[in-house]
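Have a look at coords_33.tsv; it's TSV, C-alpha atoms and all ligand atoms:
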```tsv
chain	number	residue	atom	x	y	z
A	799	MET	CA	112.83	122.38	100.50
A	800	THR	CA	112.15	121.62	104.12
A	801	THR	CA	110.71	124.60	105.98
A	802	ARG	CA	107.16	125.90	105.74
A	803	ALA	CA	108.50	129.32	104.69
A	804	GLU	CA	110.61	127.92	101.82
A	805	LEU	CA	107.66	125.90	100.63
A	806	ARG	CA	105.28	128.87	100.73
A	807	ALA	CA	107.71	131.02	98.72
A	808	ALA	CA	108.16	128.33	96.06
A	809	ARG	CA	104.42	127.63	95.92
A	810	ALA	CA	103.72	131.28	95.16
A	811	GLU	CA	105.52	130.84	91.81
A	812	HIS	CA	102.84	128.40	90.64
A	813	GLY	CA	99.14	128.89	89.94
A	814	THR	CA	97.06	125.76	89.61
A	815	LEU	CA	98.95	123.09	91.52
A	816	GLY	CA	98.37	119.34	92.01
A	817	LEU	CA	99.65	117.80	95.27
A	818	VAL	CA	100.70	114.18	95.85
A	819	PRO	CA	101.33	113.50	99.56
A	820	THR	CA	103.60	110.47	100.11
A	821	MET	CA	105.78	108.76	102.70
A	822	GLY	CA	108.54	108.24	100.12
A	823	PHE	CA	110.27	105.07	98.89
A	824	LEU	CA	108.46	105.85	95.68
A	825	HIS	CA	107.20	103.38	93.11
A	826	ASP	CA	105.13	103.66	89.98
A	827	GLY	CA	101.91	103.98	92.01
A	828	HIS	CA	103.16	107.27	93.47
A	829	LEU	CA	104.61	108.39	90.14
A	830	SER	CA	101.33	107.74	88.32
A	831	LEU	CA	99.70	110.21	90.74
A	832	VAL	CA	102.42	112.78	90.01
A	833	ARG	CA	101.92	112.36	86.25
A	834	ARG	CA	98.18	112.77	86.67
A	835	ALA	CA	98.63	115.86	88.86
A	836	LYS	CA	100.98	117.40	86.32
A	837	GLU	CA	98.66	116.63	83.39
A	838	ASP	CA	95.57	117.98	85.14
A	839	CYS	CA	97.05	121.03	86.84
A	840	GLY	CA	100.14	122.05	84.83
A	841	SER	CA	102.31	122.02	87.98
A	842	ALA	CA	102.83	119.20	90.46
A	843	ILE	CA	104.22	119.04	93.97
A	844	ALA	CA	105.02	115.91	95.98
A	845	SER	CA	105.56	115.82	99.71
A	846	ILE	CA	107.73	113.14	101.31
A	847	PHE	CA	107.18	112.73	105.03
A	848	VAL	CA	107.10	109.56	107.11
A	849	ASN	CA	104.45	110.75	109.52
A	850	PRO	CA	105.10	109.43	113.04
A	851	LEU	CA	101.57	110.34	114.10
A	852	GLN	CA	99.95	107.73	111.85
A	853	PHE	CA	102.03	104.78	113.11
A	854	GLY	CA	100.94	102.72	116.12
A	855	PRO	CA	103.46	101.98	118.90
A	856	LYS	CA	104.02	98.43	117.57
A	857	GLU	CA	104.22	99.45	113.92
A	858	ASP	CA	107.18	99.89	111.56
A	859	LEU	CA	107.99	103.62	111.91
A	860	ALA	CA	111.68	102.99	112.68
A	861	THR	CA	112.17	100.52	109.84
A	862	TYR	CA	109.90	102.11	107.23
A	863	PRO	CA	111.93	102.02	103.98
A	864	ARG	CA	113.55	105.31	102.99
A	865	ASP	CA	115.70	106.42	100.02
A	866	LEU	CA	115.44	110.16	99.56
A	867	ASP	CA	118.08	110.50	96.81
A	868	ARG	CA	116.38	107.90	94.69
A	869	ASP	CA	112.96	109.48	95.34
A	870	LEU	CA	114.21	112.91	94.27
A	871	SER	CA	115.66	111.62	90.99
A	872	LEU	CA	112.46	109.69	90.22
A	873	LEU	CA	110.39	112.81	90.86
A	874	GLU	CA	112.64	114.93	88.69
A	875	ALA	CA	112.48	112.37	85.87
A	876	THR	CA	108.66	112.39	86.18
A	877	GLY	CA	108.49	116.17	85.75
A	878	CYS	CA	107.48	117.00	89.31
A	879	ASP	CA	107.93	120.77	89.78
A	880	LEU	CA	108.29	120.97	93.56
A	881	VAL	CA	109.15	118.55	96.35
A	882	TRP	CA	108.55	119.25	100.03
A	883	THR	CA	110.70	117.11	102.34
A	884	PRO	CA	109.93	118.52	105.78
A	885	GLY	CA	111.54	117.34	109.00
A	886	ASP	CA	109.34	116.39	111.96
A	887	GLU	CA	109.66	119.93	113.39
A	888	ASP	CA	108.61	121.56	110.09
A	889	VAL	CA	105.33	119.68	110.15
A	890	TYR	CA	104.89	119.65	113.93
A	891	PRO	CA	106.60	122.76	115.35
A	892	PRO	CA	107.51	122.74	119.05
A	893	GLY	CA	104.35	122.95	121.12
A	894	PHE	CA	102.18	121.48	118.35
A	895	ASP	CA	98.94	120.43	120.01
A	896	THR	CA	96.17	120.44	117.40
A	897	TYR	CA	94.65	117.22	116.08
A	898	VAL	CA	92.00	116.50	113.49
A	899	ASP	CA	89.66	113.53	113.96
A	900	VAL	CA	87.18	112.33	111.37
A	901	HIS	CA	84.64	110.24	113.30
A	902	GLY	CA	82.46	107.29	112.32
A	903	ILE	CA	84.04	106.03	109.11
A	904	THR	CA	87.40	105.74	110.87
A	905	ASP	CA	86.06	103.18	113.41
A	906	VAL	CA	86.05	100.31	110.89
A	907	LEU	CA	88.48	98.47	108.58
A	908	GLU	CA	91.98	100.00	108.87
A	909	GLY	CA	90.79	102.50	111.46
A	910	GLY	CA	89.36	99.70	113.60
A	911	ARG	CA	92.65	97.78	113.55
A	912	ARG	CA	94.98	100.76	113.77
A	913	PRO	CA	93.61	103.07	116.48
A	914	GLY	CA	94.81	106.63	115.93
A	915	HIS	CA	95.99	105.95	112.37
A	916	PHE	CA	93.45	108.19	110.66
A	917	ARG	CA	93.84	110.88	113.31
A	918	GLY	CA	97.51	110.96	112.23
A	919	VAL	CA	96.57	111.00	108.55
A	920	SER	CA	93.91	113.73	108.95
A	921	THR	CA	96.19	115.88	111.08
A	922	VAL	CA	99.22	115.67	108.80
A	923	LEU	CA	97.11	116.28	105.71
A	924	SER	CA	95.51	119.32	107.33
A	925	VAL	CA	98.99	120.79	107.88
A	926	ILE	CA	100.19	119.85	104.38
A	927	PHE	CA	97.03	121.19	102.70
A	928	ASN	CA	97.28	124.47	104.62
A	929	VAL	CA	100.94	125.02	103.86
A	930	VAL	CA	100.89	123.88	100.22
A	931	GLN	CA	97.46	125.26	99.30
A	932	PRO	CA	97.03	122.88	96.37
A	933	THR	CA	94.26	123.20	93.80
A	934	ARG	CA	93.81	119.42	93.82
A	935	ALA	CA	95.23	116.60	95.92
A	936	TYR	CA	95.77	113.13	94.45
A	937	PHE	CA	95.37	109.84	96.35
A	938	GLY	CA	95.60	106.19	95.37
A	939	GLN	CA	92.50	104.01	95.39
A	940	LYS	CA	94.85	101.38	96.87
A	941	ASP	CA	94.14	103.03	100.25
A	942	ALA	CA	90.40	103.15	99.70
A	943	GLN	CA	89.41	104.09	103.26
A	944	GLN	CA	91.95	106.91	103.21
A	945	VAL	CA	90.23	108.35	100.13
A	946	VAL	CA	86.84	108.26	101.88
A	947	VAL	CA	88.31	109.86	105.02
A	948	VAL	CA	90.13	112.62	103.10
A	949	ARG	CA	87.03	113.46	101.07
A	950	LYS	CA	85.06	113.83	104.30
A	951	LEU	CA	87.80	115.88	105.98
A	952	VAL	CA	87.90	118.30	103.05
A	953	ARG	CA	84.13	118.54	102.81
A	954	ASP	CA	83.45	118.89	106.54
A	955	LEU	CA	86.08	121.59	107.08
A	956	GLY	CA	85.38	123.38	103.79
A	957	MET	CA	88.97	123.10	102.63
A	958	PRO	CA	89.36	124.84	99.26
A	959	LEU	CA	90.72	121.96	97.22
A	960	GLU	CA	89.48	119.05	95.16
A	961	VAL	CA	90.30	115.44	96.11
A	962	VAL	CA	91.09	113.12	93.20
A	963	ALA	CA	91.38	109.33	93.53
A	964	ALA	CA	93.38	107.37	90.95
A	965	ALA	CA	93.44	103.68	90.09
A	966	THR	CA	95.76	101.25	91.88
A	967	VAL	CA	98.96	100.55	89.96
A	968	ARG	CA	99.96	96.88	90.00
A	969	GLU	CA	103.00	94.72	89.32
A	970	PRO	CA	102.75	92.55	86.19
A	971	ASP	CA	101.43	89.59	88.25
A	972	GLY	CA	98.70	91.77	89.82
A	973	LEU	CA	100.23	92.59	93.23
A	974	ALA	CA	99.37	96.18	94.15
A	975	MET	CA	102.54	98.26	94.34
A	976	SER	CA	103.44	99.28	97.89
A	977	SER	CA	106.55	100.57	99.64
A	978	ARG	CA	106.04	97.76	102.16
A	979	ASN	CA	106.32	95.04	99.44
A	980	THR	CA	110.05	95.37	100.05
A	981	TYR	CA	109.51	93.43	103.30
A	982	LEU	CA	108.44	90.31	101.35
A	983	ASP	CA	111.01	87.54	100.89
A	984	PRO	CA	111.09	85.90	97.42
A	985	THR	CA	108.68	83.08	98.36
A	986	GLU	CA	106.24	85.47	100.03
A	987	ARG	CA	106.49	87.82	97.06
A	988	GLU	CA	105.49	84.99	94.74
A	989	ARG	CA	102.55	83.98	96.96
A	990	ALA	CA	101.35	87.56	97.42
A	991	VAL	CA	99.51	87.31	94.10
A	992	VAL	CA	96.79	85.53	96.12
A	993	LEU	CA	95.31	88.95	97.03
A	994	ARG	CA	94.72	89.77	93.38
A	995	ARG	CA	93.23	86.31	92.84
A	996	ALA	CA	90.83	86.87	95.75
A	997	LEU	CA	89.74	90.18	94.22
A	998	ASP	CA	89.25	88.49	90.84
A	999	ALA	CA	87.03	85.92	92.56
A	1000	VAL	CA	84.80	88.51	94.23
A	1001	GLU	CA	84.53	90.53	91.03
A	1002	LYS	CA	83.45	87.43	89.15
A	1003	ALA	CA	80.87	86.52	91.82
A	1004	TRP	CA	79.51	90.09	91.66
A	1005	GLN	CA	79.35	90.01	87.85
A	1006	ASP	CA	77.60	86.63	88.03
A	1007	GLY	CA	74.84	88.28	90.07
A	1008	GLU	CA	75.79	87.57	93.71
A	1009	ILE	CA	74.57	90.32	96.06
A	1010	HIS	CA	74.83	88.66	99.49
A	1011	GLY	CA	77.61	90.17	101.58
A	1012	ALA	CA	78.43	86.83	103.21
A	1013	ALA	CA	78.76	85.04	99.87
A	1014	LEU	CA	80.90	87.82	98.41
A	1015	ARG	CA	83.17	87.75	101.49
A	1016	SER	CA	83.42	83.96	101.16
A	1017	ALA	CA	84.48	84.29	97.55
A	1018	MET	CA	87.55	86.20	98.78
A	1019	SER	CA	88.17	84.15	101.94
A	1020	ALA	CA	88.11	80.83	100.08
A	1021	VAL	CA	90.92	81.94	97.76
A	1022	LEU	CA	92.98	83.31	100.68
A	1023	ALA	CA	92.43	80.12	102.72
A	1024	ALA	CA	94.11	78.08	99.99
A	1025	GLU	CA	97.40	79.97	100.55
A	1026	PRO	CA	99.04	78.79	103.79
A	1027	LEU	CA	101.36	81.81	104.03
A	1028	ALA	CA	98.43	84.27	103.93
A	1029	GLU	CA	96.80	85.22	107.25
A	1030	PRO	CA	93.74	87.35	106.54
A	1031	ASP	CA	93.10	90.12	109.05
A	1032	TYR	CA	89.76	91.07	107.49
A	1033	VAL	CA	87.79	90.69	104.30
A	1034	SER	CA	85.04	93.23	103.85
A	1035	ILE	CA	82.09	94.04	101.64
A	1036	ALA	CA	81.13	97.55	102.62
A	1037	HIS	CA	79.13	100.51	101.41
A	1038	PRO	CA	81.46	102.60	99.22
A	1039	ASP	CA	80.74	105.86	101.11
A	1040	THR	CA	79.71	104.93	104.67
A	1041	LEU	CA	82.02	101.86	104.83
A	1042	GLU	CA	79.26	100.01	106.68
A	1043	GLU	CA	79.43	96.21	106.31
A	1044	LEU	CA	76.62	95.04	104.02
A	1045	ASP	CA	74.31	92.02	104.30
A	1046	HIS	CA	73.04	92.75	100.82
A	1047	VAL	CA	74.64	94.94	98.18
A	1048	ASP	CA	72.28	97.28	96.37
A	1049	PRO	CA	73.15	96.63	92.70
A	1050	SER	CA	72.53	100.28	91.88
A	1051	VAL	CA	75.10	101.39	94.48
A	1052	GLY	CA	77.78	98.66	94.40
A	1053	ALA	CA	80.31	98.07	97.18
A	1054	LEU	CA	83.90	98.28	98.23
A	1055	ALA	CA	85.48	94.82	98.46
A	1056	SER	CA	88.62	95.11	100.57
A	1057	MET	CA	91.05	93.04	102.59
A	1058	ALA	CA	94.09	93.20	104.82
A	1059	VAL	CA	96.27	90.11	104.79
A	1060	ARG	CA	99.44	89.43	106.74
A	1061	LEU	CA	101.97	87.66	104.55
A	1062	GLY	CA	105.23	87.18	106.39
A	1063	LYS	CA	106.20	90.52	107.89
A	1064	PRO	CA	103.99	92.98	106.00
A	1065	ARG	CA	100.26	93.41	106.25
A	1066	LEU	CA	99.13	93.88	102.67
A	1067	LEU	CA	96.02	95.84	101.68
A	1068	ASP	CA	94.07	95.59	98.49
A	1069	ASN	CA	90.58	96.33	97.25
A	1070	VAL	CA	88.32	96.55	94.26
A	1071	VAL	CA	85.20	98.62	93.75
A	1072	LEU	CA	82.22	96.45	92.77
A	1073	LEU	CA	80.66	98.90	90.35
A	1074	PRO	CA	76.92	99.49	90.20
A	1075	ARG	CA	75.23	97.39	87.56
B	1101	LIG	P1	102.21	106.24	100.82
B	1101	LIG	O1	103.58	106.72	100.44
B	1101	LIG	O2	102.12	104.75	101.00
B	1101	LIG	O3	101.60	107.02	101.94
B	1101	LIG	O4	101.29	106.53	99.57
B	1101	LIG	C1	101.16	107.83	99.06
B	1101	LIG	C2	100.01	107.87	98.08
B	1101	LIG	O5	100.26	106.95	97.02
B	1101	LIG	C3	98.68	107.44	98.71
B	1101	LIG	O6	97.65	108.26	98.18
B	1101	LIG	C4	98.54	106.03	98.26
B	1101	LIG	O7	97.20	105.60	98.19
B	1101	LIG	C5	99.15	106.10	96.87
B	1101	LIG	N1	99.55	104.77	96.42
B	1101	LIG	C6	100.29	103.87	97.11
B	1101	LIG	N2	100.41	102.73	96.40
B	1101	LIG	C7	99.72	102.92	95.25
B	1101	LIG	C8	99.46	102.11	94.11
B	1101	LIG	N3	99.92	100.87	94.00
B	1101	LIG	N4	98.73	102.63	93.12
B	1101	LIG	C9	98.23	103.90	93.22
B	1101	LIG	N5	98.45	104.71	94.26
B	1101	LIG	C10	99.18	104.24	95.26
```

Hey, can you dump this file as structure tokens for me?
Ligand code: AMP
Amino acid sequence: MTTRAELRAARAEHGTLGLVPTMGFLHDGHLSLVRRAKEDCGSAIASIFVNPLQFGPKEDLATYPRDLDRDLSLLEATGCDLVWTPGDEDVYPPGFDTYVDVHGITDVLEGGRRPGHFRGVSTVLSVIFNVVQPTRAYFGQKDAQQVVVVRKLVRDLGMPLEVVAAATVREPDGLAMSSRNTYLDPTERERAVVLRRALDAVEKAWQDGEIHGAALRSAMSAVLAAEPLAEPDYVSIAHPDTLEELDHVDPSVGALASMAVRLGKPRLLDNVVLLPR
């Protein structure tokens, strides 16, 4: 299905429906969301759309990995009921000139480094939500800021759906699954486990009672610094809802520990929630 009209007609055949928006090149992280959507809602729909609006001019839109045939067979094998694979003009019809901006929380972390990224995400999701009319929409905790932004978008605009965040799915060595992991050469792939080790270090520091933002950030940075191939872009200890950087973490609230690290070509993201204690 590609057009909005085809999608609407197919959607009408289903009642409660769980949506998993993706950019394709699917892996088990995406498929875990589809399974969850299907379990919770009875019917699941995935969208596959590499959204030009969320890529910066120097980013990898042209080379973003794509394999639609493989994606479709994986979705079928996972029991996904519907798949929407719109073209650019199905999502953004000629003359399209409406954009959705969530302010404040998009100025930091990924939003701070990728100007316009979340405007692209919020706009495409507004179109997809309106066309699909899902009961629930499923997102990976892997993109933690995206979850916070989507929750705010849905709440602020009163969109009639529930946002569900699901745990990050990892490779056996702990690397978070990502379509962009395909950019890693074998040596980089091996070294990429350093992100997971940095998260383990900050979790341990938190469990051992550390509450100072600077010390928690250092726990991550020190591990990353020991890997010459890793170039950290940021390490952050932020409030889980406002995404404000914290000097001290309130133990009853916890924090989001997150990082972006360039390793060879890709910029890898990972995070862990430091749970209240
Ligand atoms: P993407 O195709 O990268 O836009 O991702 C589509 C959805 O899958 C987003 O909600 C991501 O957060 C989620 N996702 C990506 N990687 C993972 C992962 N390793 N575990 C869980 N969810 C993921």

Between A:Ile1009, A:Ala1055, A:Val848, A:Leu1014, which one has atoms that come closest to Arg994 in chain A, using all atoms listed in the file?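 With all atoms listed in the file as the atom set, the closest residue is A:Ala1055.
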
May I ask you to write as a compact mmCIF listing (two decimals) with C-alpha atoms, keeping the file's coordinate frame all residues lying at most 6 Å from ligand LIG 1101 (chain B), with all atoms listed in the file counted?
```
# COMPACT_ATOMS: atom_id res chain seq x y z
CA PRO A 819 101.33 113.50 99.56
CA THR A 820 103.60 110.47 100.11
CA MET A 821 105.78 108.76 102.70
CA GLY A 822 108.54 108.24 100.12
CA GLY A 827 101.91 103.98 92.01
CA HIS A 828 103.16 107.27 93.47
CA PHE A 937 95.37 109.84 96.35
CA GLY A 938 95.60 106.19 95.37
CA GLN A 939 92.50 104.01 95.39
CA LYS A 940 94.85 101.38 96.87
CA ASP A 941 94.14 103.03 100.25
CA ALA A 965 93.44 103.68 90.09
CA THR A 966 95.76 101.25 91.88
CA VAL A 967 98.96 100.55 89.96
CA ARG A 968 99.96 96.88 90.00
CA ALA A 974 99.37 96.18 94.15
CA MET A 975 102.54 98.26 94.34
CA SER A 976 103.44 99.28 97.89
```

I'd like the contact shell of Thr985 in chain A - 12 Å cut-off, only C-alpha atoms, skipping same-chain residues fewer than 3 positions apart - returned as a PyMOL selection string. chain A and resi 981-982+988-991+1025-1028+1061-1062

Write a file of the just-selected residues containing C-alpha atoms, as a PDB file, in the frame of the given file.
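Written file, again_34.pdb:
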```pdb
ATOM      1  CA  TYR A 981     109.510  93.430 103.300  1.00  0.00           C
ATOM      2  CA  LEU A 982     108.440  90.310 101.350  1.00  0.00           C
ATOM      3  CA  GLU A 988     105.490  84.990  94.740  1.00  0.00           C
ATOM      4  CA  ARG A 989     102.550  83.980  96.960  1.00  0.00           C
ATOM      5  CA  ALA A 990     101.350  87.560  97.420  1.00  0.00           C
ATOM      6  CA  VAL A 991      99.510  87.310  94.100  1.00  0.00           C
ATOM      7  CA  GLU A1025      97.400  79.970 100.550  1.00  0.00           C
ATOM      8  CA  PRO A1026      99.040  78.790 103.790  1.00  0.00           C
ATOM      9  CA  LEU A1027     101.360  81.810 104.030  1.00  0.00           C
ATOM     10  CA  ALA A1028      98.430  84.270 103.930  1.00  0.00           C
ATOM     11  CA  LEU A1061     101.970  87.660 104.550  1.00  0.00           C
ATOM     12  CA  GLY A1062     105.230  87.180 106.390  1.00  0.00           C
TER      13      GLY A1062
END
```

Non-local contacts of range 948-960 of chain A (7 Å; all atoms listed in the file; under 4 positions in same chain excluded) as number ranges by chain: A: 900, 932-935, 944

Coordinates-based distance that separates CA of Glu1029 in chain A from CA of Arg1060 in chain A (Å, one decimal): 5.0 Å

Can you list, as a list in words, every protein, DNA or RNA residue that comes within 9 Å of range 879-895 of chain A when you count only C-alpha atoms, leaving out same-chain residues fewer than 3 positions away?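 My list of contacting residues is Met799, Thr800, Thr801, Arg802, Leu805, Ala808, Arg809, Lys836, Ser841, Ala842, Ile843, Ala844, Ser845, Ile846, Phe847, Val848, Asn849, Pro850, Leu866, Leu870, Leu873, Glu874, Val922, Val925, Ile926 and Val930 of chain A.
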
Per-residue nearest contacts of range 936-1001 of chain A to range 857-861 of chain A (12 Å; all atoms listed in the file) as CSV:
```
residue,atom,partner,partner_atom,distance
A:Ser977,CA,A:Thr861,CA,11.6
A:Arg978,CA,A:Asp858,CA,9.7
A:Thr980,CA,A:Thr861,CA,11.3
A:Tyr981,CA,A:Thr861,CA,10.0
```

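Each of A:Val818, A:Val919, A:Leu907, A:Val1047 was checked against Tyr936 in chain A using all atoms listed in the file; the smallest atom-to-atom distance is that of A:Val818.
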
Record the distance separating CA of Thr1040 in chain A and CA of Pro1064 in chain A, expressed in Å with one decimal.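 Value for the CA of Thr1040 in chain A-CA of Pro1064 in chain A distance: 27.1 Å.
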
Find the spatial neighbours of Arg912 in chain A, counting only C-alpha atoms, within a cut-off of 12 Å - ignore same-chain residues fewer than 2 positions away - and output them as a count of residues only. 23

Work out how far apart CA of Tyr862 in chain A and CA of Thr896 in chain A are and give it in Å to one decimal.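 Result for CA of Tyr862 in chain A versus CA of Thr896 in chain A: 25.1 Å, one decimal.
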
Written-out range 1008-1030 of chain A (N, CA, C and O atoms) as a compact mmCIF listing (two decimals), in the first residue's frame:
```
# COMPACT_ATOMS: atom_id res chain seq x y z
N GLU A 1008 26.02 7.29 43.66
CA GLU A 1008 26.46 8.57 43.08
C GLU A 1008 25.24 9.37 42.58
O GLU A 1008 24.38 8.80 41.90
N ILE A 1009 25.18 10.65 42.92
CA ILE A 1009 24.06 11.47 42.42
C ILE A 1009 24.55 12.74 41.71
O ILE A 1009 23.74 13.50 41.19
N HIS A 1010 25.86 12.99 41.70
CA HIS A 1010 26.39 14.18 41.04
C HIS A 1010 26.42 13.96 39.53
O HIS A 1010 26.99 12.99 39.04
N GLY A 1011 25.80 14.91 38.81
CA GLY A 1011 25.78 14.80 37.35
C GLY A 1011 27.17 14.66 36.77
O GLY A 1011 27.43 13.81 35.92
N ALA A 1012 28.11 15.51 37.26
CA ALA A 1012 29.46 15.50 36.68
C ALA A 1012 30.12 14.12 36.88
O ALA A 1012 30.77 13.61 35.96
N ALA A 1013 29.95 13.55 38.05
CA ALA A 1013 30.59 12.25 38.33
C ALA A 1013 29.94 11.15 37.48
O ALA A 1013 30.63 10.25 36.98
N LEU A 1014 28.63 11.24 37.30
CA LEU A 1014 27.95 10.22 36.49
C LEU A 1014 28.37 10.34 35.03
O LEU A 1014 28.60 9.34 34.35
N ARG A 1015 28.51 11.60 34.55
CA ARG A 1015 28.98 11.80 33.17
C ARG A 1015 30.40 11.25 33.02
O ARG A 1015 30.73 10.59 32.04
N SER A 1016 31.24 11.51 34.05
CA SER A 1016 32.63 11.03 33.98
C SER A 1016 32.70 9.51 33.94
O SER A 1016 33.59 8.95 33.31
N ALA A 1017 31.77 8.87 34.62
CA ALA A 1017 31.77 7.40 34.62
C ALA A 1017 31.63 6.89 33.19
O ALA A 1017 32.27 5.91 32.79
N MET A 1018 30.82 7.58 32.39
CA MET A 1018 30.65 7.17 30.98
C MET A 1018 31.86 7.60 30.15
O MET A 1018 32.42 6.82 29.38
N SER A 1019 32.26 8.87 30.32
CA SER A 1019 33.35 9.42 29.50
C SER A 1019 34.64 8.64 29.67
O SER A 1019 35.38 8.44 28.70
N ALA A 1020 34.92 8.21 30.91
CA ALA A 1020 36.19 7.51 31.16
C ALA A 1020 36.24 6.21 30.36
O ALA A 1020 37.28 5.87 29.79
N VAL A 1021 35.13 5.51 30.29
CA VAL A 1021 35.11 4.25 29.53
C VAL A 1021 35.28 4.54 28.03
O VAL A 1021 36.06 3.89 27.33
N LEU A 1022 34.58 5.59 27.55
CA LEU A 1022 34.68 5.93 26.12
C LEU A 1022 36.10 6.38 25.76
O LEU A 1022 36.60 6.07 24.67
N ALA A 1023 36.74 7.11 26.70
CA ALA A 1023 38.08 7.66 26.42
C ALA A 1023 39.11 6.54 26.21
O ALA A 1023 40.12 6.74 25.54
N ALA A 1024 38.83 5.38 26.79
CA ALA A 1024 39.78 4.27 26.67
C ALA A 1024 39.68 3.57 25.31
O ALA A 1024 40.48 2.68 25.02
N GLU A 1025 38.73 3.97 24.48
CA GLU A 1025 38.58 3.35 23.15
C GLU A 1025 38.96 4.39 22.08
O GLU A 1025 38.18 5.30 21.79
N PRO A 1026 40.16 4.23 21.49
CA PRO A 1026 40.63 5.26 20.55
C PRO A 1026 39.71 5.47 19.34
O PRO A 1026 39.68 6.58 18.80
N LEU A 1027 38.97 4.47 18.92
CA LEU A 1027 38.12 4.65 17.74
C LEU A 1027 36.84 5.43 18.06
O LEU A 1027 36.14 5.90 17.16
N ALA A 1028 36.52 5.56 19.35
CA ALA A 1028 35.25 6.22 19.73
C ALA A 1028 35.47 7.71 19.93
O ALA A 1028 36.35 8.13 20.68
N GLU A 1029 34.67 8.53 19.23
CA GLU A 1029 34.73 9.99 19.41
C GLU A 1029 33.39 10.44 19.97
O GLU A 1029 32.43 10.61 19.22
N PRO A 1030 33.33 10.66 21.29
CA PRO A 1030 32.04 11.05 21.88
C PRO A 1030 31.61 12.42 21.38
O PRO A 1030 32.42 13.35 21.29
```
